[in-house]
Amino acid sequence: MLKLTLPPSLCTVFRHSNGIARIPNCSTGRRFISGTSKGSATMAGAVDHAEYHSRWETEWTDGVGEGDKWDARASAPALTKLVSSGALELKGKKSIVPGCGRGYDVLLFAGEGSDALGLEIAQTAVDVASGYRDSLQIPDEHKKKANFVLGDFFKHGGGQFDVGFDYTFFCAIHPSMRADWAKQWSKLIVPGGELVTLIFPVDSTREGGPPFHTDPNVAKDLLEANGFECKELGPVDPSVSIPPRAGREYLGRWIRSMQ
């Protein structure tokens, strides 16, 4: 079993309106050691996946309000622009968002006519996302298309999807898990389907995590090795980044090969 290690007292997390949030008491003396740019890692101590995942349940149980911790109150501006421009086709398509949080992206996709699935490792997160959806004054047909389930991305076997979206999920997993991340995406996306990645934080000076430093070229190598073709890869214009993240995000669009 792959073992993970965590910081002694505070783990830096992500997706906060001011760019940084922290999970308190997320360890008892163990720590994450940063991986290399190619996704390998040196690790000390040991925490198994079940224990690691349970920390997210604890964090959600403690409370994550709108705009609190990693919650950004809305979808990333770069994704909203991609959808509103019509560049990303969603109507009538099945989509999946792992680590969906409160479900902003799932709801955005559902509003465009996609049967959208949000996947979360914490049951409380699933409940929060479902409750948030139900509280919105939006058409019932949109609500019915936005669904949230409990599950492990790496073990998810709920069929294939036309569109996938990954933001602050790739950087949350340990670098040693990134090869499996790409393999799983290749299983989840149908041939000809599209994976959209907002790659963050692109910061070579960053050590440890989560969020772990991400390198767009590493993502490209991993995805191309697993049957994806690069449609687009480049830095996000600061005008469509959450301000604290400006200059540290890349947009990648990947088409699953037909073979």
# chains A, B, ... in the order shown; residues from 1 in each chain; ligands from 1
>>> closest_atom_pairs(of="range 120-234 of chain A", to="range 76-93 of chain A", cutoff="8 Å", atoms="only C-alpha atoms", output="tab-separated table")
residue	atom	partner	partner_atom	distance
A:Phe161	CA	A:Lys93	CA	7.7
A:Asp162	CA	A:Lys93	CA	5.8
A:Val163	CA	A:Lys93	CA	7.2
>>> write_last_selection(atoms="all heavy atoms", output="short mmCIF file (atom, residue, chain, number, x, y, z; two decimals), in the first residue's frame")
data_model
loop_
_atom_site.label_atom_id
_atom_site.label_comp_id
_atom_site.auth_asym_id
_atom_site.auth_seq_id
_atom_site.Cartn_x
_atom_site.Cartn_y
_atom_site.Cartn_z
N PHE A 161 -17.21 9.11 -19.59
CA PHE A 161 -17.73 10.47 -19.68
C PHE A 161 -17.19 11.16 -20.93
O PHE A 161 -16.08 10.88 -21.38
CB PHE A 161 -17.35 11.26 -18.44
CG PHE A 161 -17.91 10.68 -17.17
CD1 PHE A 161 -17.24 9.65 -16.51
CD2 PHE A 161 -19.10 11.14 -16.65
CE1 PHE A 161 -17.77 9.09 -15.35
CE2 PHE A 161 -19.64 10.60 -15.49
CZ PHE A 161 -18.96 9.56 -14.84
N ASP A 162 -17.99 12.10 -21.44
CA ASP A 162 -17.58 12.86 -22.61
C ASP A 162 -16.63 14.00 -22.24
O ASP A 162 -15.78 14.39 -23.03
CB ASP A 162 -18.81 13.46 -23.30
CG ASP A 162 -19.84 12.41 -23.67
OD1 ASP A 162 -19.53 11.58 -24.54
OD2 ASP A 162 -20.94 12.42 -23.09
N VAL A 163 -16.81 14.54 -21.02
CA VAL A 163 -16.03 15.69 -20.57
C VAL A 163 -15.60 15.47 -19.12
O VAL A 163 -16.40 15.03 -18.29
CB VAL A 163 -16.85 17.00 -20.66
CG1 VAL A 163 -16.04 18.17 -20.11
CG2 VAL A 163 -17.27 17.27 -22.10
#
>>> select_by_dssp(residues="range 129-175 of chain A", states="alpha helix (DSSP H)", output="list in words")
Ala129, Ser130, Gly131, Tyr132, Arg133, Asp134, Ser135, Asp140, Glu141, His142, Lys143, Lys144 and Lys145 of chain A
>>> residues_around(residues="Asp180 in chain A", least_positions_apart="5", cutoff="12 Å", atoms="only C-alpha atoms", output="PDB file with all heavy atoms, in the first residue's frame")
ATOM      1  N   LEU A   2       0.530   2.172  -0.865  1.00  0.00           N
ATOM      2  CA  LEU A   2       1.252   3.441  -0.906  1.00  0.00           C
ATOM      3  C   LEU A   2       1.024   4.199   0.384  1.00  0.00           C
ATOM      4  O   LEU A   2      -0.091   4.311   0.871  1.00  0.00           O
ATOM      5  CB  LEU A   2       0.759   4.289  -2.070  1.00  0.00           C
ATOM      6  CG  LEU A   2       1.334   5.700  -2.169  1.00  0.00           C
ATOM      7  CD1 LEU A   2       2.821   5.631  -2.457  1.00  0.00           C
ATOM      8  CD2 LEU A   2       0.600   6.483  -3.250  1.00  0.00           C
ATOM      9  N   GLY A  39       7.213  13.615 -10.672  1.00  0.00           N
ATOM     10  CA  GLY A  39       6.138  12.918  -9.988  1.00  0.00           C
ATOM     11  C   GLY A  39       6.609  11.864  -9.012  1.00  0.00           C
ATOM     12  O   GLY A  39       5.807  11.247  -8.330  1.00  0.00           O
ATOM     13  N   PHE A 153     -11.813   8.689  -6.686  1.00  0.00           N
ATOM     14  CA  PHE A 153     -11.522   8.886  -8.108  1.00  0.00           C
ATOM     15  C   PHE A 153     -10.770   7.708  -8.703  1.00  0.00           C
ATOM     16  O   PHE A 153     -11.073   7.246  -9.814  1.00  0.00           O
ATOM     17  CB  PHE A 153     -10.713  10.166  -8.285  1.00  0.00           C
ATOM     18  CG  PHE A 153     -10.107  10.353  -9.653  1.00  0.00           C
ATOM     19  CD1 PHE A 153     -10.880  10.807 -10.712  1.00  0.00           C
ATOM     20  CD2 PHE A 153      -8.763  10.073  -9.879  1.00  0.00           C
ATOM     21  CE1 PHE A 153     -10.325  10.976 -11.982  1.00  0.00           C
ATOM     22  CE2 PHE A 153      -8.198  10.248 -11.134  1.00  0.00           C
ATOM     23  CZ  PHE A 153      -8.979  10.691 -12.190  1.00  0.00           C
ATOM     24  N   PHE A 154      -9.784   7.193  -7.987  1.00  0.00           N
ATOM     25  CA  PHE A 154      -8.914   6.151  -8.516  1.00  0.00           C
ATOM     26  C   PHE A 154      -9.613   4.797  -8.622  1.00  0.00           C
ATOM     27  O   PHE A 154      -9.109   3.893  -9.277  1.00  0.00           O
ATOM     28  CB  PHE A 154      -7.660   6.031  -7.657  1.00  0.00           C
ATOM     29  CG  PHE A 154      -6.787   7.248  -7.716  1.00  0.00           C
ATOM     30  CD1 PHE A 154      -6.880   8.234  -6.746  1.00  0.00           C
ATOM     31  CD2 PHE A 154      -5.905   7.439  -8.764  1.00  0.00           C
ATOM     32  CE1 PHE A 154      -6.091   9.366  -6.803  1.00  0.00           C
ATOM     33  CE2 PHE A 154      -5.114   8.571  -8.835  1.00  0.00           C
ATOM     34  CZ  PHE A 154      -5.213   9.538  -7.858  1.00  0.00           C
ATOM     35  N   LYS A 155     -10.759   4.674  -7.984  1.00  0.00           N
ATOM     36  CA  LYS A 155     -11.504   3.420  -8.030  1.00  0.00           C
ATOM     37  C   LYS A 155     -12.859   3.580  -8.710  1.00  0.00           C
ATOM     38  O   LYS A 155     -13.610   2.612  -8.800  1.00  0.00           O
ATOM     39  CB  LYS A 155     -11.713   2.891  -6.606  1.00  0.00           C
ATOM     40  CG  LYS A 155     -10.428   2.587  -5.860  1.00  0.00           C
ATOM     41  CD  LYS A 155     -10.715   2.140  -4.433  1.00  0.00           C
ATOM     42  CE  LYS A 155      -9.424   1.862  -3.674  1.00  0.00           C
ATOM     43  NZ  LYS A 155      -9.695   1.463  -2.270  1.00  0.00           N
ATOM     44  N   PHE A 170      -5.474  17.574  -9.167  1.00  0.00           N
ATOM     45  CA  PHE A 170      -4.143  17.097  -9.542  1.00  0.00           C
ATOM     46  C   PHE A 170      -3.088  17.542  -8.523  1.00  0.00           C
ATOM     47  O   PHE A 170      -2.191  16.784  -8.158  1.00  0.00           O
ATOM     48  CB  PHE A 170      -3.796  17.624 -10.934  1.00  0.00           C
ATOM     49  CG  PHE A 170      -2.457  17.196 -11.470  1.00  0.00           C
ATOM     50  CD1 PHE A 170      -2.170  15.871 -11.715  1.00  0.00           C
ATOM     51  CD2 PHE A 170      -1.482  18.142 -11.765  1.00  0.00           C
ATOM     52  CE1 PHE A 170      -0.929  15.473 -12.232  1.00  0.00           C
ATOM     53  CE2 PHE A 170      -0.248  17.764 -12.277  1.00  0.00           C
ATOM     54  CZ  PHE A 170       0.036  16.432 -12.511  1.00  0.00           C
ATOM     55  N   ILE A 173      -3.321  15.546  -4.840  1.00  0.00           N
ATOM     56  CA  ILE A 173      -2.811  14.186  -4.662  1.00  0.00           C
ATOM     57  C   ILE A 173      -1.294  14.214  -4.589  1.00  0.00           C
ATOM     58  O   ILE A 173      -0.645  15.116  -5.115  1.00  0.00           O
ATOM     59  CB  ILE A 173      -3.277  13.259  -5.799  1.00  0.00           C
ATOM     60  CG1 ILE A 173      -2.773  13.761  -7.157  1.00  0.00           C
ATOM     61  CG2 ILE A 173      -4.795  13.135  -5.788  1.00  0.00           C
ATOM     62  CD1 ILE A 173      -3.076  12.831  -8.321  1.00  0.00           C
ATOM     63  N   HIS A 174      -0.727  13.222  -3.914  1.00  0.00           N
ATOM     64  CA  HIS A 174       0.732  13.168  -3.798  1.00  0.00           C
ATOM     65  C   HIS A 174       1.354  12.943  -5.175  1.00  0.00           C
ATOM     66  O   HIS A 174       0.788  12.216  -6.009  1.00  0.00           O
ATOM     67  CB  HIS A 174       1.135  12.033  -2.855  1.00  0.00           C
ATOM     68  CG  HIS A 174       2.550  12.137  -2.421  1.00  0.00           C
ATOM     69  ND1 HIS A 174       3.575  11.637  -3.156  1.00  0.00           N
ATOM     70  CD2 HIS A 174       3.109  12.730  -1.331  1.00  0.00           C
ATOM     71  CE1 HIS A 174       4.726  11.893  -2.549  1.00  0.00           C
ATOM     72  NE2 HIS A 174       4.465  12.564  -1.440  1.00  0.00           N
ATOM     73  N   PRO A 175       2.500  13.580  -5.474  1.00  0.00           N
ATOM     74  CA  PRO A 175       3.126  13.416  -6.793  1.00  0.00           C
ATOM     75  C   PRO A 175       3.339  11.975  -7.208  1.00  0.00           C
ATOM     76  O   PRO A 175       3.314  11.664  -8.404  1.00  0.00           O
ATOM     77  CB  PRO A 175       4.458  14.163  -6.634  1.00  0.00           C
ATOM     78  CG  PRO A 175       4.154  15.231  -5.637  1.00  0.00           C
ATOM     79  CD  PRO A 175       3.214  14.579  -4.652  1.00  0.00           C
ATOM     80  N   TRP A 185      -7.879   8.840 -15.707  1.00  0.00           N
ATOM     81  CA  TRP A 185      -8.573   9.718 -16.646  1.00  0.00           C
ATOM     82  C   TRP A 185      -8.744   9.040 -18.003  1.00  0.00           C
ATOM     83  O   TRP A 185      -9.766   9.201 -18.673  1.00  0.00           O
ATOM     84  CB  TRP A 185      -7.839  11.049 -16.803  1.00  0.00           C
ATOM     85  CG  TRP A 185      -8.227  12.085 -15.805  1.00  0.00           C
ATOM     86  CD1 TRP A 185      -7.423  12.746 -14.918  1.00  0.00           C
ATOM     87  CD2 TRP A 185      -9.540  12.623 -15.592  1.00  0.00           C
ATOM     88  NE1 TRP A 185      -8.143  13.646 -14.167  1.00  0.00           N
ATOM     89  CE2 TRP A 185      -9.451  13.594 -14.567  1.00  0.00           C
ATOM     90  CE3 TRP A 185     -10.788  12.380 -16.167  1.00  0.00           C
ATOM     91  CZ2 TRP A 185     -10.562  14.315 -14.099  1.00  0.00           C
ATOM     92  CZ3 TRP A 185     -11.900  13.092 -15.705  1.00  0.00           C
ATOM     93  CH2 TRP A 185     -11.775  14.045 -14.698  1.00  0.00           C
ATOM     94  N   SER A 186      -7.763   8.259 -18.421  1.00  0.00           N
ATOM     95  CA  SER A 186      -7.873   7.584 -19.719  1.00  0.00           C
ATOM     96  C   SER A 186      -8.987   6.536 -19.708  1.00  0.00           C
ATOM     97  O   SER A 186      -9.571   6.228 -20.748  1.00  0.00           O
ATOM     98  CB  SER A 186      -6.543   6.924 -20.100  1.00  0.00           C
ATOM     99  OG  SER A 186      -6.286   5.776 -19.320  1.00  0.00           O
ATOM    100  N   LYS A 187      -9.303   6.008 -18.526  1.00  0.00           N
ATOM    101  CA  LYS A 187     -10.403   5.052 -18.402  1.00  0.00           C
ATOM    102  C   LYS A 187     -11.755   5.753 -18.363  1.00  0.00           C
ATOM    103  O   LYS A 187     -12.761   5.202 -18.817  1.00  0.00           O
ATOM    104  CB  LYS A 187     -10.226   4.212 -17.131  1.00  0.00           C
ATOM    105  CG  LYS A 187      -8.997   3.319 -17.118  1.00  0.00           C
ATOM    106  CD  LYS A 187      -8.868   2.613 -15.778  1.00  0.00           C
ATOM    107  CE  LYS A 187      -7.601   1.763 -15.714  1.00  0.00           C
ATOM    108  NZ  LYS A 187      -7.437   1.124 -14.386  1.00  0.00           N
ATOM    109  N   ALA A 219       2.219  17.049 -16.630  1.00  0.00           N
ATOM    110  CA  ALA A 219       0.849  16.658 -16.954  1.00  0.00           C
ATOM    111  C   ALA A 219       0.744  16.240 -18.420  1.00  0.00           C
ATOM    112  O   ALA A 219       0.093  15.242 -18.755  1.00  0.00           O
ATOM    113  CB  ALA A 219      -0.107  17.809 -16.657  1.00  0.00           C
ATOM    114  N   LEU A 222       2.365  12.766 -18.965  1.00  0.00           N
ATOM    115  CA  LEU A 222       1.551  11.700 -18.385  1.00  0.00           C
ATOM    116  C   LEU A 222       0.291  11.437 -19.210  1.00  0.00           C
ATOM    117  O   LEU A 222      -0.048  10.283 -19.479  1.00  0.00           O
ATOM    118  CB  LEU A 222       1.172  12.062 -16.950  1.00  0.00           C
ATOM    119  CG  LEU A 222       2.308  12.050 -15.921  1.00  0.00           C
ATOM    120  CD1 LEU A 222       1.815  12.636 -14.594  1.00  0.00           C
ATOM    121  CD2 LEU A 222       2.838  10.635 -15.711  1.00  0.00           C
ATOM    122  N   LEU A 223      -0.373  12.489 -19.602  1.00  0.00           N
ATOM    123  CA  LEU A 223      -1.620  12.311 -20.350  1.00  0.00           C
ATOM    124  C   LEU A 223      -1.369  11.783 -21.757  1.00  0.00           C
ATOM    125  O   LEU A 223      -2.111  10.912 -22.246  1.00  0.00           O
ATOM    126  CB  LEU A 223      -2.398  13.628 -20.391  1.00  0.00           C
ATOM    127  CG  LEU A 223      -2.989  14.061 -19.042  1.00  0.00           C
ATOM    128  CD1 LEU A 223      -3.518  15.479 -19.115  1.00  0.00           C
ATOM    129  CD2 LEU A 223      -4.100  13.099 -18.603  1.00  0.00           C
ATOM    130  N   ALA A 225       1.011   9.897 -22.634  1.00  0.00           N
ATOM    131  CA  ALA A 225       1.403   8.498 -22.494  1.00  0.00           C
ATOM    132  C   ALA A 225       0.194   7.594 -22.246  1.00  0.00           C
ATOM    133  O   ALA A 225       0.304   6.367 -22.324  1.00  0.00           O
ATOM    134  CB  ALA A 225       2.400   8.344 -21.347  1.00  0.00           C
ATOM    135  N   ASN A 226      -0.942   8.217 -21.964  1.00  0.00           N
ATOM    136  CA  ASN A 226      -2.154   7.448 -21.674  1.00  0.00           C
ATOM    137  C   ASN A 226      -3.283   7.751 -22.651  1.00  0.00           C
ATOM    138  O   ASN A 226      -4.454   7.674 -22.307  1.00  0.00           O
ATOM    139  CB  ASN A 226      -2.596   7.717 -20.235  1.00  0.00           C
ATOM    140  CG  ASN A 226      -1.743   6.974 -19.226  1.00  0.00           C
ATOM    141  OD1 ASN A 226      -1.964   5.800 -18.950  1.00  0.00           O
ATOM    142  ND2 ASN A 226      -0.742   7.666 -18.690  1.00  0.00           N
TER     143      ASN A 226
END
>>> residues_around(residues="range 139-144 of chain A", least_positions_apart="6", cutoff="12 Å", atoms="only C-alpha atoms", output="compact mmCIF listing (two decimals) with all heavy atoms, in the first residue's frame")
# COMPACT_ATOMS: atom_id res chain seq x y z
N LYS A 91 -23.76 20.45 -23.94
CA LYS A 91 -25.16 20.03 -24.07
C LYS A 91 -25.26 18.58 -24.51
O LYS A 91 -24.66 18.16 -25.50
CB LYS A 91 -25.89 20.94 -25.05
CG LYS A 91 -27.39 20.67 -25.08
CD LYS A 91 -28.12 21.69 -25.94
CE LYS A 91 -29.63 21.44 -25.91
NZ LYS A 91 -30.36 22.44 -26.73
N GLY A 103 -19.60 22.18 -5.51
CA GLY A 103 -20.25 21.79 -6.75
C GLY A 103 -20.46 22.89 -7.77
O GLY A 103 -21.26 22.74 -8.70
N VAL A 106 -19.89 21.59 -11.32
CA VAL A 106 -20.93 20.64 -11.69
C VAL A 106 -22.20 21.38 -12.08
O VAL A 106 -22.85 21.07 -13.09
CB VAL A 106 -21.20 19.67 -10.53
CG1 VAL A 106 -22.37 18.74 -10.86
CG2 VAL A 106 -19.95 18.85 -10.20
N LEU A 107 -22.55 22.39 -11.31
CA LEU A 107 -23.75 23.18 -11.59
C LEU A 107 -23.60 24.00 -12.87
O LEU A 107 -24.56 24.17 -13.63
CB LEU A 107 -24.06 24.08 -10.40
CG LEU A 107 -24.60 23.32 -9.18
CD1 LEU A 107 -24.40 24.13 -7.91
CD2 LEU A 107 -26.08 22.99 -9.38
N LEU A 108 -22.39 24.50 -13.09
CA LEU A 108 -22.13 25.23 -14.34
C LEU A 108 -22.36 24.32 -15.54
O LEU A 108 -23.02 24.71 -16.51
CB LEU A 108 -20.68 25.74 -14.33
CG LEU A 108 -20.18 26.42 -15.61
CD1 LEU A 108 -20.94 27.72 -15.87
CD2 LEU A 108 -18.68 26.68 -15.52
N PHE A 109 -21.84 23.11 -15.48
CA PHE A 109 -22.00 22.16 -16.58
C PHE A 109 -23.46 21.76 -16.75
O PHE A 109 -23.98 21.67 -17.88
CB PHE A 109 -21.14 20.93 -16.34
CG PHE A 109 -19.66 21.15 -16.50
CD1 PHE A 109 -19.15 22.39 -16.83
CD2 PHE A 109 -18.76 20.11 -16.31
CE1 PHE A 109 -17.78 22.60 -16.98
CE2 PHE A 109 -17.40 20.30 -16.46
CZ PHE A 109 -16.90 21.54 -16.79
N ALA A 110 -24.14 21.50 -15.63
CA ALA A 110 -25.55 21.11 -15.70
C ALA A 110 -26.40 22.21 -16.32
O ALA A 110 -27.34 21.93 -17.08
CB ALA A 110 -26.06 20.77 -14.30
N GLY A 111 -26.05 23.46 -16.03
CA GLY A 111 -26.78 24.58 -16.59
C GLY A 111 -26.63 24.70 -18.09
O GLY A 111 -27.44 25.35 -18.76
N GLU A 112 -25.58 24.05 -18.63
CA GLU A 112 -25.37 24.05 -20.08
C GLU A 112 -25.93 22.80 -20.74
O GLU A 112 -25.68 22.55 -21.92
CB GLU A 112 -23.86 24.15 -20.36
CG GLU A 112 -23.24 25.47 -19.92
CD GLU A 112 -23.77 26.64 -20.71
OE1 GLU A 112 -23.96 26.50 -21.93
OE2 GLU A 112 -24.01 27.71 -20.11
N GLY A 113 -26.66 21.99 -19.96
CA GLY A 113 -27.31 20.82 -20.53
C GLY A 113 -26.54 19.53 -20.41
O GLY A 113 -26.90 18.53 -21.03
N SER A 114 -25.49 19.52 -19.58
CA SER A 114 -24.71 18.30 -19.38
C SER A 114 -25.27 17.51 -18.20
O SER A 114 -25.72 18.08 -17.20
CB SER A 114 -23.25 18.66 -19.10
OG SER A 114 -22.50 17.51 -18.71
N ASP A 115 -25.23 16.19 -18.32
CA ASP A 115 -25.49 15.33 -17.16
C ASP A 115 -24.20 15.28 -16.37
O ASP A 115 -23.26 14.55 -16.74
CB ASP A 115 -25.91 13.94 -17.62
CG ASP A 115 -27.29 13.94 -18.26
OD1 ASP A 115 -28.21 14.54 -17.67
OD2 ASP A 115 -27.44 13.36 -19.35
N ALA A 116 -24.12 16.08 -15.31
CA ALA A 116 -22.86 16.33 -14.62
C ALA A 116 -22.79 15.61 -13.29
O ALA A 116 -23.74 15.63 -12.49
CB ALA A 116 -22.68 17.84 -14.40
N LEU A 117 -21.65 14.98 -13.04
CA LEU A 117 -21.42 14.22 -11.81
C LEU A 117 -20.27 14.83 -11.04
O LEU A 117 -19.17 15.01 -11.56
CB LEU A 117 -21.09 12.76 -12.15
CG LEU A 117 -20.86 11.85 -10.94
CD1 LEU A 117 -22.16 11.63 -10.18
CD2 LEU A 117 -20.27 10.51 -11.38
N ALA A 129 -22.79 19.83 -1.02
CA ALA A 129 -23.00 20.14 -2.43
C ALA A 129 -24.45 19.92 -2.84
O ALA A 129 -25.05 20.74 -3.55
CB ALA A 129 -22.07 19.30 -3.30
N SER A 130 -25.03 18.82 -2.38
CA SER A 130 -26.43 18.53 -2.71
C SER A 130 -27.35 19.59 -2.11
O SER A 130 -28.31 20.04 -2.76
CB SER A 130 -26.81 17.14 -2.20
OG SER A 130 -26.02 16.14 -2.82
N GLY A 131 -27.07 19.98 -0.87
CA GLY A 131 -27.87 21.00 -0.23
C GLY A 131 -27.75 22.35 -0.90
O GLY A 131 -28.73 23.09 -1.04
N TYR A 132 -26.54 22.68 -1.33
CA TYR A 132 -26.33 23.94 -2.04
C TYR A 132 -27.10 23.95 -3.35
O TYR A 132 -27.79 24.93 -3.67
CB TYR A 132 -24.83 24.13 -2.31
CG TYR A 132 -24.51 25.38 -3.10
CD1 TYR A 132 -24.62 26.64 -2.52
CD2 TYR A 132 -24.12 25.29 -4.43
CE1 TYR A 132 -24.33 27.79 -3.25
CE2 TYR A 132 -23.83 26.43 -5.17
CZ TYR A 132 -23.94 27.68 -4.57
OH TYR A 132 -23.67 28.81 -5.30
N ARG A 133 -27.04 22.86 -4.10
CA ARG A 133 -27.80 22.74 -5.36
C ARG A 133 -29.29 22.95 -5.10
O ARG A 133 -29.96 23.72 -5.79
CB ARG A 133 -27.57 21.36 -5.96
CG ARG A 133 -28.44 21.04 -7.17
CD ARG A 133 -28.53 19.53 -7.37
NE ARG A 133 -29.11 18.88 -6.20
CZ ARG A 133 -28.92 17.59 -5.90
NH1 ARG A 133 -28.17 16.82 -6.67
NH2 ARG A 133 -29.49 17.07 -4.82
>>> closest_residue(among="A:Asp71, A:Asp105, A:Glu57, A:Asp152", to="Thr124 in chain A", atoms="only C-alpha atoms")
A:Glu57
>>> closest_residue(among="A:Arg256, A:Lys94, A:His156, A:Arg245", to="Val190 in chain A", atoms="only C-alpha atoms")
A:Arg256
